[in-house]
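First comes the structure, then the notes that go with it.
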Amino acid sequence: MNRETRFTIRDGVMFNRVADETVLLDLDKGTYLGLDPVATRFWDLITAGSSVGEALDTLLGEYEVEADVLEADIARLVGDLERHELVTAR
């Protein structure tokens with residue numbers, strides 16, 4: 001996972017916050033993905049223009065978590081977002 005990567009949301013992807021979680025809906029494919037609170041915070045950061053590294057640094061400052069655990073979790077999340085073609089790396 002490249003810390004300098006920034007993402008854009010693919011056209012046709014809608015998202016809505018429900019309490020402290022977010023639901024992503026791919027209108028083209030009719031699929032959705034639910035994000036827990038930490039993944040929602042990551043989503044908020046990357047959709048606001050933060051790089052992966054900037055988002056990781058912010059999350060490390062906001063949550064009590066080991067860096068390697070957070071990086072592994074975010075790598076899985078980024079993999080899911082890319083695999084479902086919800087975001088595009090730029």
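If you're wondering about the labels, chains in the structure tokens are A, B, ... by order shown, residues count from 1 in each chain, ligands from 1 in order shown.
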What lies within 10 Å of A:Thr5 using only C-alpha atoms, ignoring chain neighbours under 4 positions off, as a compact mmCIF listing (two decimals) with N, CA, C and O atoms, in the first residue's frame?
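Saved the output as around-v6.txt:
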# COMPACT_ATOMS: atom_id res chain seq x y z
N MET A 1 0.85 -1.17 0.00
CA MET A 1 0.00 0.00 0.00
C MET A 1 0.90 1.24 0.00
O MET A 1 1.75 1.39 0.86
N ILE A 46 -10.06 10.25 3.18
CA ILE A 46 -9.62 10.10 1.79
C ILE A 46 -10.55 10.82 0.83
O ILE A 46 -10.11 11.30 -0.21
N SER A 50 -7.17 13.58 1.58
CA SER A 50 -5.97 13.09 2.26
C SER A 50 -5.38 11.89 1.53
O SER A 50 -6.11 11.08 0.96
N SER A 51 -4.06 11.78 1.58
CA SER A 51 -3.40 10.58 1.06
C SER A 51 -3.61 9.46 2.06
O SER A 51 -4.01 9.69 3.21
N VAL A 52 -3.29 8.25 1.65
CA VAL A 52 -3.39 7.10 2.56
C VAL A 52 -2.51 7.34 3.79
O VAL A 52 -2.93 7.12 4.92
N GLY A 53 -1.29 7.82 3.59
CA GLY A 53 -0.37 8.08 4.70
C GLY A 53 -0.88 9.14 5.64
O GLY A 53 -0.80 9.00 6.86
N GLU A 54 -1.43 10.23 5.08
CA GLU A 54 -1.99 11.28 5.93
C GLU A 54 -3.17 10.76 6.74
O GLU A 54 -3.30 11.06 7.93
N THR A 88 -10.93 5.08 -7.22
CA THR A 88 -9.85 5.00 -8.21
C THR A 88 -8.65 5.70 -7.64
O THR A 88 -8.76 6.83 -7.14
N ALA A 89 -7.50 5.04 -7.66
CA ALA A 89 -6.25 5.67 -7.20
C ALA A 89 -5.84 6.74 -8.21
O ALA A 89 -5.99 6.56 -9.42
N ARG A 90 -5.32 7.84 -7.69
CA ARG A 90 -4.83 8.90 -8.60
C ARG A 90 -3.44 9.31 -8.19
O ARG A 90 -2.95 9.02 -7.17
**Study point:** Residue contacts of A:Ala48 (12 Å, only C-alpha atoms) excluding same-chain residues fewer than 4 positions away, as a PyMOL selection string
**Key:** chain A and resi 6-9+41-44+52+54-55
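Near stretch 11-24 of chain A, within 6 Å and counting only C-alpha atoms, sit Asp26, Leu27, Asp28, Tyr32, Leu33, Gly34, Leu35, Asp36, Pro37 and Thr40 of chain A, not including residues fewer than 2 positions from it in the same chain.
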Same residues, C-alpha atoms, saved as an mmCIF file, in the first residue's frame:
data_model
loop_
_atom_site.group_PDB
_atom_site.id
_atom_site.type_symbol
_atom_site.label_atom_id
_atom_site.label_comp_id
_atom_site.auth_asym_id
_atom_site.auth_seq_id
_atom_site.Cartn_x
_atom_site.Cartn_y
_atom_site.Cartn_z
ATOM 1 C CA ASP A 26 -22.630 1.128 -6.246
ATOM 2 C CA LEU A 27 -25.619 2.179 -8.334
ATOM 3 C CA ASP A 28 -24.185 0.557 -11.481
ATOM 4 C CA TYR A 32 -23.216 -2.104 -1.218
ATOM 5 C CA LEU A 33 -20.479 -2.124 1.386
ATOM 6 C CA GLY A 34 -20.841 -1.142 5.043
ATOM 7 C CA LEU A 35 -18.032 0.655 6.870
ATOM 8 C CA ASP A 36 -17.505 0.506 10.623
ATOM 9 C CA PRO A 37 -16.610 3.699 12.548
ATOM 10 C CA THR A 40 -15.847 5.552 8.069
#
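Between atom CA of A:Glu85 and atom CA of A:Val69 the separation is 24.3 Å.
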Practice item. Within chain A, find each residue whose DSSP state, derived from the backbone, is strand (DSSP E or B), and express the selection as a list in words. Key: Phe7, Thr8, Ile9, Val13, Met14, Phe15, Asn16, Arg17, Val18, Glu21, Thr22, Val23, Leu24, Leu25, Asp26, Thr31, Tyr32, Leu33, Gly34, Leu35, Val87, Thr88 and Ala89 of chain A
Using the selection just defined, write its residues with C-alpha atoms as an mmCIF file, in the first residue's frame.
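For reference, out_5.cif as written:
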data_model
loop_
_atom_site.group_PDB
_atom_site.id
_atom_site.type_symbol
_atom_site.label_atom_id
_atom_site.label_comp_id
_atom_site.auth_asym_id
_atom_site.auth_seq_id
_atom_site.Cartn_x
_atom_site.Cartn_y
_atom_site.Cartn_z
ATOM 1 C CA PHE A 7 -8.366 8.321 -4.228
ATOM 2 C CA THR A 8 -11.379 9.613 -6.092
ATOM 3 C CA ILE A 9 -14.830 8.113 -5.773
ATOM 4 C CA VAL A 13 -21.002 5.347 -6.162
ATOM 5 C CA MET A 14 -23.198 6.921 -3.516
ATOM 6 C CA PHE A 15 -22.507 6.956 0.208
ATOM 7 C CA ASN A 16 -24.529 7.807 3.252
ATOM 8 C CA ARG A 17 -23.620 8.030 6.896
ATOM 9 C CA VAL A 18 -25.844 6.160 9.324
ATOM 10 C CA GLU A 21 -21.019 4.107 10.128
ATOM 11 C CA THR A 22 -21.201 4.609 6.365
ATOM 12 C CA VAL A 23 -22.925 2.630 3.646
ATOM 13 C CA LEU A 24 -21.443 2.744 0.142
ATOM 14 C CA LEU A 25 -23.779 1.892 -2.723
ATOM 15 C CA ASP A 26 -22.630 1.128 -6.246
ATOM 16 C CA THR A 31 -23.985 -3.723 -4.527
ATOM 17 C CA TYR A 32 -23.216 -2.104 -1.218
ATOM 18 C CA LEU A 33 -20.479 -2.124 1.386
ATOM 19 C CA GLY A 34 -20.841 -1.142 5.043
ATOM 20 C CA LEU A 35 -18.032 0.655 6.870
ATOM 21 C CA VAL A 87 -12.582 4.243 -5.697
ATOM 22 C CA THR A 88 -9.854 4.997 -8.206
ATOM 23 C CA ALA A 89 -6.252 5.674 -7.204
#
Practice item. Using DSSP on the backbone, list every residue of chain A that comes out as helix (DSSP H, G or I), and give them as a PyMOL selection string. Key: chain A and resi 37-47+52-62+67-83
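Between atom CA of A:Leu70 and atom CA of A:Lys29 the interatomic distance comes to 29.4 Å.
When atom CA of A:Asn2 is paired with atom CA of A:Val38, their separation reads 19.4 Å.
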